[in-house]
>>> print(open('protein_30.cif').read())   # mmCIF, C-alpha atoms
data_final
loop_
_atom_site.label_atom_id
_atom_site.label_comp_id
_atom_site.auth_asym_id
_atom_site.auth_seq_id
_atom_site.Cartn_x
_atom_site.Cartn_y
_atom_site.Cartn_z
CA MET A 1 0.57 -65.19 -15.11
CA MET A 2 0.38 -61.41 -14.51
CA ASP A 3 2.19 -61.63 -11.16
CA SER A 4 5.56 -59.83 -11.21
CA ARG A 5 7.16 -62.37 -8.87
CA PRO A 6 9.27 -65.17 -10.39
CA LEU A 7 7.10 -68.16 -11.30
CA ILE A 8 8.00 -71.60 -9.95
CA VAL A 9 6.15 -74.46 -11.68
CA GLY A 10 5.74 -77.74 -9.81
CA ILE A 11 5.22 -81.03 -11.62
CA GLY A 12 4.67 -84.18 -9.63
CA GLY A 13 2.60 -86.83 -7.99
CA THR A 14 0.55 -89.70 -9.31
CA LEU A 15 -3.04 -90.15 -10.43
CA ARG A 16 -3.74 -91.24 -6.83
CA SER A 17 -4.12 -88.00 -4.92
CA PRO A 18 -2.62 -87.19 -2.51
CA SER A 19 0.42 -89.38 -3.11
CA SER A 20 3.70 -89.07 -1.21
CA SER A 21 5.33 -87.43 -4.23
CA GLU A 22 2.49 -84.89 -4.47
CA CYS A 23 2.71 -84.11 -0.74
CA ALA A 24 6.47 -83.68 -1.10
CA LEU A 25 5.96 -81.32 -4.05
CA ARG A 26 3.48 -79.21 -2.09
CA LEU A 27 5.95 -78.74 0.77
CA ALA A 28 8.76 -77.74 -1.59
CA LEU A 29 6.49 -75.29 -3.44
CA ALA A 30 5.32 -73.80 -0.13
CA ALA A 31 8.96 -73.13 0.80
CA ALA A 32 9.54 -71.51 -2.61
CA GLU A 33 6.47 -69.33 -2.15
CA GLN A 34 7.64 -68.24 1.31
CA CYS A 35 10.82 -66.96 -0.36
CA GLY A 36 8.70 -64.53 -2.41
CA THR A 37 7.86 -66.43 -5.61
CA GLU A 38 4.58 -67.28 -7.29
CA VAL A 39 3.93 -71.03 -7.53
CA LEU A 40 1.80 -73.14 -9.84
CA GLN A 41 1.32 -76.88 -9.31
CA PHE A 42 0.52 -79.59 -11.86
CA SER A 43 -0.40 -82.87 -10.16
CA GLY A 44 -2.87 -85.72 -10.40
CA ALA A 45 -5.49 -85.23 -13.11
CA ALA A 46 -3.61 -82.17 -14.49
CA LEU A 47 -0.89 -84.62 -15.60
CA GLU A 48 -3.26 -87.09 -17.25
CA LEU A 49 -2.09 -86.08 -20.71
CA PRO A 50 -2.12 -87.94 -24.04
CA LEU A 51 1.17 -89.67 -24.81
CA TYR A 52 3.44 -87.03 -26.27
CA CYS A 53 3.69 -87.27 -30.06
CA PRO A 54 5.92 -84.65 -31.72
CA SER A 55 4.21 -85.08 -35.09
CA ASP A 56 0.73 -84.37 -33.67
CA LEU A 57 0.52 -80.62 -33.03
CA LYS A 58 -2.93 -80.72 -31.40
CA ARG A 59 -2.77 -80.13 -27.65
CA THR A 60 -5.43 -80.79 -25.04
CA PRO A 61 -6.31 -77.85 -22.76
CA SER A 62 -4.33 -79.51 -19.93
CA ALA A 63 -1.25 -79.96 -22.11
CA ALA A 64 -1.51 -76.38 -23.39
CA ARG A 65 -1.70 -75.05 -19.80
CA LEU A 66 1.40 -77.04 -18.81
CA ILE A 67 3.39 -75.88 -21.84
CA GLU A 68 2.38 -72.25 -21.29
CA ALA A 69 3.35 -72.41 -17.61
CA LEU A 70 6.74 -73.91 -18.45
CA ARG A 71 7.28 -71.27 -21.16
CA HIS A 72 7.07 -68.60 -18.44
CA ALA A 73 8.68 -70.55 -15.59
CA ASP A 74 11.59 -68.98 -13.75
CA GLY A 75 12.10 -72.22 -11.84
CA VAL A 76 10.71 -75.74 -11.81
CA ILE A 77 10.33 -78.41 -9.12
CA ILE A 78 9.77 -82.01 -10.20
CA SER A 79 8.66 -84.70 -7.74
CA SER A 80 8.37 -88.25 -9.05
CA PRO A 81 7.61 -91.58 -7.50
CA SER A 82 10.26 -94.19 -8.12
CA TYR A 83 8.91 -97.01 -10.25
CA HIS A 84 11.37 -99.89 -10.64
CA GLY A 85 14.38 -97.61 -10.28
CA GLY A 86 13.21 -94.88 -12.64
CA ILE A 87 10.72 -92.04 -12.74
CA SER A 88 7.06 -92.69 -13.47
CA GLY A 89 5.70 -92.71 -17.01
CA LEU A 90 3.25 -89.98 -15.97
CA ILE A 91 6.06 -87.58 -15.05
CA LYS A 92 8.24 -88.54 -18.03
CA ASN A 93 5.34 -87.93 -20.42
CA ALA A 94 4.70 -84.49 -18.90
CA LEU A 95 8.38 -83.61 -19.31
CA ASP A 96 8.32 -84.81 -22.93
CA TYR A 97 5.94 -81.91 -23.65
CA VAL A 98 8.86 -79.51 -23.01
CA GLU A 99 9.87 -80.45 -26.57
CA ASP A 100 7.20 -77.96 -27.68
CA LEU A 101 9.52 -75.21 -26.39
CA ARG A 102 12.48 -76.19 -28.59
CA ALA A 103 12.04 -73.17 -30.89
CA HIS A 104 11.08 -70.72 -28.14
CA GLU A 105 13.39 -67.73 -27.53
CA ARG A 106 14.48 -69.62 -24.40
CA PRO A 107 14.60 -73.18 -25.73
CA TYR A 108 13.44 -75.99 -23.47
CA LEU A 109 14.34 -75.09 -19.84
CA ASP A 110 17.56 -73.34 -20.77
CA GLU A 111 19.28 -72.01 -17.61
CA VAL A 112 16.17 -72.56 -15.48
CA PRO A 113 16.86 -73.83 -11.94
CA VAL A 114 15.14 -77.18 -11.42
CA GLY A 115 14.70 -78.86 -8.06
CA VAL A 116 14.28 -82.63 -8.06
CA ILE A 117 12.57 -84.95 -5.57
CA SER A 118 12.22 -88.71 -5.75
CA CYS A 119 9.97 -90.78 -3.50
CA GLY A 120 10.18 -94.54 -3.23
CA GLY A 121 9.70 -97.47 -0.90
CA GLY A 122 13.45 -97.90 -0.47
CA TRP A 123 16.71 -96.03 -0.92
CA GLN A 124 18.01 -97.85 -3.98
CA GLY A 125 15.10 -97.20 -6.35
CA ALA A 126 14.52 -93.65 -5.11
CA SER A 127 18.21 -92.75 -5.51
CA SER A 128 18.23 -94.20 -9.02
CA ALA A 129 15.12 -92.22 -9.95
CA LEU A 130 16.71 -89.01 -8.64
CA ALA A 131 19.75 -89.58 -10.87
CA ASN A 132 17.31 -90.21 -13.75
CA LEU A 133 15.58 -86.87 -13.07
CA ARG A 134 18.90 -85.01 -13.02
CA SER A 135 19.85 -86.52 -16.41
CA ILE A 136 16.53 -85.47 -17.92
CA VAL A 137 16.90 -81.93 -16.56
CA HIS A 138 20.39 -81.69 -18.09
CA ALA A 139 19.01 -82.91 -21.44
CA LEU A 140 16.38 -80.14 -21.24
CA ARG A 141 19.19 -77.58 -20.61
CA GLY A 142 17.99 -76.90 -17.07
CA TRP A 143 20.20 -76.49 -14.00
CA PRO A 144 19.44 -79.09 -11.33
CA THR A 145 19.80 -77.50 -7.92
CA PRO A 146 22.76 -78.66 -5.82
CA PHE A 147 20.42 -80.41 -3.38
CA GLY A 148 17.98 -83.09 -4.52
CA ALA A 149 15.68 -84.87 -2.06
CA VAL A 150 15.52 -88.65 -1.93
CA ILE A 151 12.53 -89.64 0.22
CA ASN A 152 12.19 -93.20 1.52
CA THR A 153 8.46 -93.81 1.87
CA SER A 154 8.74 -97.30 3.37
CA GLN A 155 7.40 -95.70 6.56
CA LYS A 156 4.47 -93.27 6.80
CA LEU A 157 5.87 -89.77 6.26
CA PHE A 158 2.76 -87.67 5.54
CA ASP A 159 -0.49 -87.25 7.47
CA ALA A 160 -3.97 -87.19 5.94
CA GLY A 161 -3.68 -83.43 5.32
CA GLY A 162 -0.33 -83.74 3.53
CA GLY A 163 1.73 -82.53 6.49
CA CYS A 164 5.15 -84.10 6.93
CA LEU A 165 5.60 -86.29 10.02
CA ASP A 166 9.42 -86.24 9.87
CA GLU A 167 11.20 -82.91 10.40
CA ALA A 168 14.39 -84.08 8.65
CA VAL A 169 12.39 -84.95 5.52
CA ALA A 170 10.46 -81.68 5.73
CA GLN A 171 13.76 -79.79 5.88
CA GLN A 172 15.02 -81.59 2.77
CA LEU A 173 11.89 -80.57 0.88
CA ARG A 174 12.15 -76.98 2.09
CA THR A 175 15.78 -76.91 0.93
CA VAL A 176 14.78 -77.96 -2.59
CA GLY A 177 12.11 -75.24 -2.76
CA GLN A 178 14.39 -72.58 -1.30
CA GLN A 179 17.27 -73.32 -3.68
CA VAL A 180 15.00 -73.05 -6.73
CA ALA A 181 13.36 -69.87 -5.43
CA ARG A 182 16.61 -68.15 -4.47
CA ARG A 183 18.17 -68.85 -7.85
CA ALA A 184 15.04 -67.60 -9.65
CA LEU A 185 14.93 -64.46 -7.50
CA ALA A 186 18.63 -63.79 -8.08
CA SER A 187 18.18 -64.16 -11.84
CA ALA A 188 15.19 -61.81 -11.82
CA ALA A 189 17.13 -59.23 -9.81
CA SER A 190 20.08 -59.28 -12.21
CA ALA A 191 18.06 -59.31 -15.47
CA PRO A 192 18.01 -56.12 -17.57
CA VAL A 193 14.75 -54.22 -16.98
CA GLY A 194 13.47 -54.88 -20.52
CA LEU A 195 13.70 -58.63 -19.98
CA LEU A 196 11.50 -58.71 -16.86
CA ALA A 197 8.21 -58.37 -18.75
#
>>> encode(input="protein_30.cif", output="structure tokens")
Amino acid sequence: MMDSRPLIVGIGGTLRSPSSSECALRLALAAAEQCGTEVLQFSGAALELPLYCPSDLKRTPSAARLIEALRHADGVIISSPSYHGGISGLIKNALDYVEDLRAHERPYLDEVPVGVISCGGGWQGASSALANLRSIVHALRGWPTPFGAVINTSQKLFDAGGGCLDEAVAQQLRTVGQQVARRALASAASAPVGLLA
């Protein structure tokens, strides 16, 4: 994390790689990177963490890497599958680890721009999951970006290499990444010099 560019941390996907939500996350992170940020993705096995327990202070190497990345994040993008109208347990558990930052000089995700993406096999569940993500981001003191992407995966949207087959969907994902990156870049540009380290 020595790069001087703002860091955007991506969290998303399922244990089945590559899932639609992981492909969507990659596209949003690529758009953020094209804006001039550094990106770091946590997907698949990197999210296979023990159930968060606030009274157990031991952290696996994977959990410690996630917490450290979020401690330094200038922006976050979260992409979750919609499971029965809510976000997946895998993503929720990863976000529960943000509790470890409660006593940090910047508690939780305070004032961090957070882009949200929800993927589901229909509009109703995916829209519900997006609203769920926004509520969680607010509870973590983050700023959900104005645009959130709801992706209906009832039809094939991604090719075998993770490329998006629908330009309108690709544009939604780029918009999420760009809004997070632009906010992070603007914050970095306006921060006092001593706070950029």
>>> residues_around(input="protein_30.cif", residues="range 22-31 of chain A", least_positions_apart="6", cutoff="9 Å", atoms="only C-alpha atoms", output="PyMOL selection string")
chain A and resi 8-14+39-41+43-44+77-81+115+117-119+151+158+161-164+169-170+172-178+181
>>> residues_around(input="protein_30.cif", residues="range 125-133 of chain A", least_positions_apart="4", cutoff="10 Å", atoms="only C-alpha atoms", output="compact mmCIF listing (two decimals) with C-alpha atoms, in the frame of the given file")
# COMPACT_ATOMS: atom_id res chain seq x y z
CA ILE A 78 9.77 -82.01 -10.20
CA SER A 79 8.66 -84.70 -7.74
CA SER A 80 8.37 -88.25 -9.05
CA PRO A 81 7.61 -91.58 -7.50
CA SER A 82 10.26 -94.19 -8.12
CA TYR A 83 8.91 -97.01 -10.25
CA HIS A 84 11.37 -99.89 -10.64
CA GLY A 85 14.38 -97.61 -10.28
CA GLY A 86 13.21 -94.88 -12.64
CA ILE A 87 10.72 -92.04 -12.74
CA SER A 88 7.06 -92.69 -13.47
CA ILE A 91 6.06 -87.58 -15.05
CA LYS A 92 8.24 -88.54 -18.03
CA VAL A 114 15.14 -77.18 -11.42
CA GLY A 115 14.70 -78.86 -8.06
CA VAL A 116 14.28 -82.63 -8.06
CA ILE A 117 12.57 -84.95 -5.57
CA SER A 118 12.22 -88.71 -5.75
CA CYS A 119 9.97 -90.78 -3.50
CA GLY A 120 10.18 -94.54 -3.23
CA GLY A 121 9.70 -97.47 -0.90
CA VAL A 137 16.90 -81.93 -16.56
CA HIS A 138 20.39 -81.69 -18.09
CA ALA A 139 19.01 -82.91 -21.44
CA PRO A 144 19.44 -79.09 -11.33
CA GLY A 148 17.98 -83.09 -4.52
CA ALA A 149 15.68 -84.87 -2.06
CA VAL A 150 15.52 -88.65 -1.93
CA ILE A 151 12.53 -89.64 0.22
CA ASN A 152 12.19 -93.20 1.52
CA THR A 153 8.46 -93.81 1.87
>>> residues_around(input="protein_30.cif", residues="range 54-64 of chain A", least_positions_apart="5", cutoff="10 Å", atoms="all atoms listed in the file", output="VMD selection string")
chain A and resid 42 45 to 49 69 to 70 94 96 to 97 99 to 100
>>> atom_distance(input="protein_30.cif", atom1="CA of Leu185 in chain A", atom2="CA of Trp143 in chain A")
14.7 Å
>>> resolve_selection(input="protein_30.cif", expression="the PyMOL selection byres ((chain A and resi 186) around 12)", output="PyMOL selection string")
chain A and resi 5-6+35-37+74-75+112-113+178-185+187-191
